[in-house]
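Participant: Got a file for you: target05.pdb, PDB, C-alpha atoms.
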```pdb
ATOM      1  CA  MET U   1      -1.134  56.720  82.802
ATOM      2  CA  ALA U   2      -0.571  53.265  81.349
ATOM      3  CA  THR U   3      -1.852  53.233  77.759
ATOM      4  CA  CYS U   4      -1.034  51.002  74.813
ATOM      5  CA  GLU U   5       0.259  53.221  72.010
ATOM      6  CA  LEU U   6      -1.181  50.931  69.349
ATOM      7  CA  CYS U   7      -4.736  50.038  70.405
ATOM      8  CA  GLY U   8      -5.285  52.603  73.186
ATOM      9  CA  LYS U   9      -6.006  50.038  75.912
ATOM     10  CA  ARG U  10      -6.081  51.768  79.318
ATOM     11  CA  ARG U  11      -6.559  50.868  82.954
ATOM     12  CA  ASN U  12      -9.880  49.349  83.998
ATOM     13  CA  LYS U  13     -11.696  50.431  87.155
ATOM     14  CA  SER U  14     -13.165  47.602  89.216
ATOM     15  CA  ASN U  15     -13.839  46.458  92.771
ATOM     16  CA  LYS U  16     -12.114  43.935  94.984
ATOM     17  CA  VAL U  17     -14.845  42.091  96.871
ATOM     18  CA  SER U  18     -13.959  40.348 100.128
ATOM     19  CA  PHE U  19     -15.728  37.398 101.716
ATOM     20  CA  SER U  20     -17.745  39.852 103.849
ATOM     21  CA  ASN U  21     -18.804  41.548 100.580
ATOM     22  CA  LYS U  22     -16.898  44.787 101.244
ATOM     23  CA  HIS U  23     -16.040  46.612  98.032
ATOM     24  CA  HIS U  24     -12.668  48.303  97.574
ATOM     25  CA  ARG U  25     -11.914  50.235  94.397
ATOM     26  CA  PHE U  26      -8.767  49.240  92.463
ATOM     27  CA  PHE U  27      -7.466  49.493  88.924
ATOM     28  CA  GLN U  28      -6.560  46.656  86.578
ATOM     29  CA  GLN U  29      -3.547  47.690  84.517
ATOM     30  CA  PRO U  30      -2.880  46.391  80.978
ATOM     31  CA  ASN U  31       0.214  44.238  80.502
ATOM     32  CA  LEU U  32       2.447  46.746  78.706
ATOM     33  CA  GLN U  33       5.875  45.880  77.371
ATOM     34  CA  LYS U  34       8.481  48.254  76.023
ATOM     35  CA  CYS U  35       9.691  47.084  72.630
ATOM     36  CA  HIS U  36      11.376  48.506  69.558
ATOM     37  CA  ILE U  37       9.261  48.600  66.417
ATOM     38  CA  GLU U  38      10.155  49.272  62.827
ATOM     39  CA  LEU U  39       8.221  52.095  61.198
ATOM     40  CA  PRO U  40       7.250  52.012  57.491
ATOM     41  CA  ASN U  41       9.956  54.570  56.611
ATOM     42  CA  GLY U  42      12.645  52.229  58.001
ATOM     43  CA  THR U  43      13.354  53.905  61.336
ATOM     44  CA  ARG U  44      13.187  52.333  64.801
ATOM     45  CA  LYS U  45      11.037  53.606  67.656
ATOM     46  CA  SER U  46      10.683  52.492  71.273
ATOM     47  CA  VAL U  47       7.017  52.179  72.286
ATOM     48  CA  ARG U  48       4.934  50.639  75.076
ATOM     49  CA  ILE U  49       2.382  48.193  73.649
ATOM     50  CA  CYS U  50       0.174  45.565  75.282
ATOM     51  CA  THR U  51       0.918  41.876  74.991
ATOM     52  CA  SER U  52      -2.345  41.189  73.146
ATOM     53  CA  CYS U  53      -1.117  43.447  70.313
ATOM     54  CA  ILE U  54       2.258  41.655  70.316
ATOM     55  CA  ARG U  55       0.583  38.229  70.094
ATOM     56  CA  ALA U  56      -1.777  39.397  67.337
ATOM     57  CA  ASN U  57       1.221  40.608  65.244
ATOM     58  CA  LYS U  58      -0.218  44.107  64.953
ATOM     59  CA  VAL U  59       3.290  45.548  64.927
ATOM     60  CA  ARG U  60       6.555  44.645  63.232
ATOM     61  CA  ARG U  61       9.331  44.323  65.804
ATOM     62  CA  ALA U  62      12.764  45.638  64.944
ATOM     63  CA  GLY U  63      15.295  43.083  65.446
TER      64      GLY U  63
END
```
Go ahead and render the structure in this file as structure tokens.
Facilitator:
Amino acid sequence: MATCELCGKRRNKSNKVSFSNKHHRFFQQPNLQKCHIELPNGTRKSVRICTSCIRANKVRRAG
């Protein structure tokens, strides 16, 4: 399952609604990116985090 390892954002259940008002269930996935982060003890780790966490600078990227 697609989950952000930092904030815990997961998929969202919703409906696609056609012009005839038929409802079809589908899932909206978070925009996850794999990136390397630097942990406080100085080591690097590869994690999948959402782009909203990347833009908010919630993590320090290893570079």
Participant: Mind giving me the straight-line distance from atom CA of Gln33 of chain U to atom CA of Arg48 of chain U in Å, one decimal?
Facilitator: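 These atoms are spaced 5.4 Å apart.
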Participant: So which residues are close to (-9.4, 50.0, 91.3), meaning at most 6 Å away in the file's coordinates with all atoms listed in the file counted, and can you show them as a PyMOL selection string?
Facilitator: chain U and resi 13-15+25-27
Participant: Write the residues you've just listed into a file as an mmCIF file, in the coordinates of the input, and include C-alpha atoms for each of them.
Facilitator:
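Contents of again06.cif, as written:
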```cif
data_model
loop_
_atom_site.group_PDB
_atom_site.id
_atom_site.type_symbol
_atom_site.label_atom_id
_atom_site.label_comp_id
_atom_site.auth_asym_id
_atom_site.auth_seq_id
_atom_site.Cartn_x
_atom_site.Cartn_y
_atom_site.Cartn_z
ATOM 1 C CA LYS U 13 -11.696 50.431 87.155
ATOM 2 C CA SER U 14 -13.165 47.602 89.216
ATOM 3 C CA ASN U 15 -13.839 46.458 92.771
ATOM 4 C CA ARG U 25 -11.914 50.235 94.397
ATOM 5 C CA PHE U 26 -8.767 49.240 92.463
ATOM 6 C CA PHE U 27 -7.466 49.493 88.924
#
```
Participant: Within 10 Å of His36 of chain U, counting only C-alpha atoms, which residues qualify if same-chain residues fewer than 3 places away don't, as a list of chain:residue names?
Facilitator: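 Here the qualifying residues turn out to be U:Gln33, U:Leu39, U:Arg44, U:Lys45, U:Ser46, U:Val47, U:Arg48, U:Ile49, U:Val59, U:Arg60, U:Arg61, U:Ala62, U:Gly63.
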Participant: Ranking U:Lys16, U:Arg11, U:Ala2, U:Asn41 by minimum distance to Gln28 of chain U and counting only C-alpha atoms, which one comes first?
Facilitator: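 Using only C-alpha atoms, Gln28 of chain U sits closest to U:Arg11.
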Participant: For a quick check of understanding, using all atoms listed in the file, which of U:Thr43, U:Pro30, U:Ile37, U:Arg55 has the smallest distance to Gly8 of chain U?
Facilitator: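 Among the listed residues, U:Pro30 lies closest to Gly8 of chain U.
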Participant: Starting from 3 Å padding per side, set up an axis-aligned box that covers all listed atoms of segment 36-41 of chain U and hand over centre and edge lengths in Å, one decimal, as AutoDock Vina command-line options.
Facilitator:
```
--center_x 9.3 --center_y 51.5 --center_z 63.1 --size_x 10.1 --size_y 12.1 --size_z 18.9
```
Participant: Could you tell me how far atom CA of Met1 of chain U sits from atom CA of Glu38 of chain U, in Å to one decimal place?
Facilitator: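 Those two atoms sit 24.1 Å apart.
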Participant: Report, in Å with one decimal, the straight-line distance from atom CA of Gln29 of chain U to atom CA of Cys7 of chain U.
Facilitator: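 Calculated distance between atom CA of Gln29 of chain U and atom CA of Cys7 of chain U is 14.4 Å.
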Participant: Expanded to explicit residues, what is the PyMOL selection byres ((chain U and resi 50) around 6) for this file, as a list in words?
Facilitator: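 What the PyMOL selection byres ((chain U and resi 50) around 6) grabs from the file is Cys4, Asn31, Leu32, Ile49, Thr51, Ser52 and Cys53 of chain U.
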Participant: Using all atoms listed in the file, find the one residue out of U:Arg10, U:Lys22, U:Glu5, U:Val17 that sits nearest to Ile54 of chain U.
Facilitator: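 Ranking U:Arg10, U:Lys22, U:Glu5, U:Val17 by distance to Ile54 of chain U, first place goes to U:Glu5.
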Participant: May I ask which of the residues U:Lys58, U:Asn21, U:Gly42, U:Cys35 is the closest one to Leu6 of chain U, counting all atoms listed in the file?
Facilitator: U:Lys58
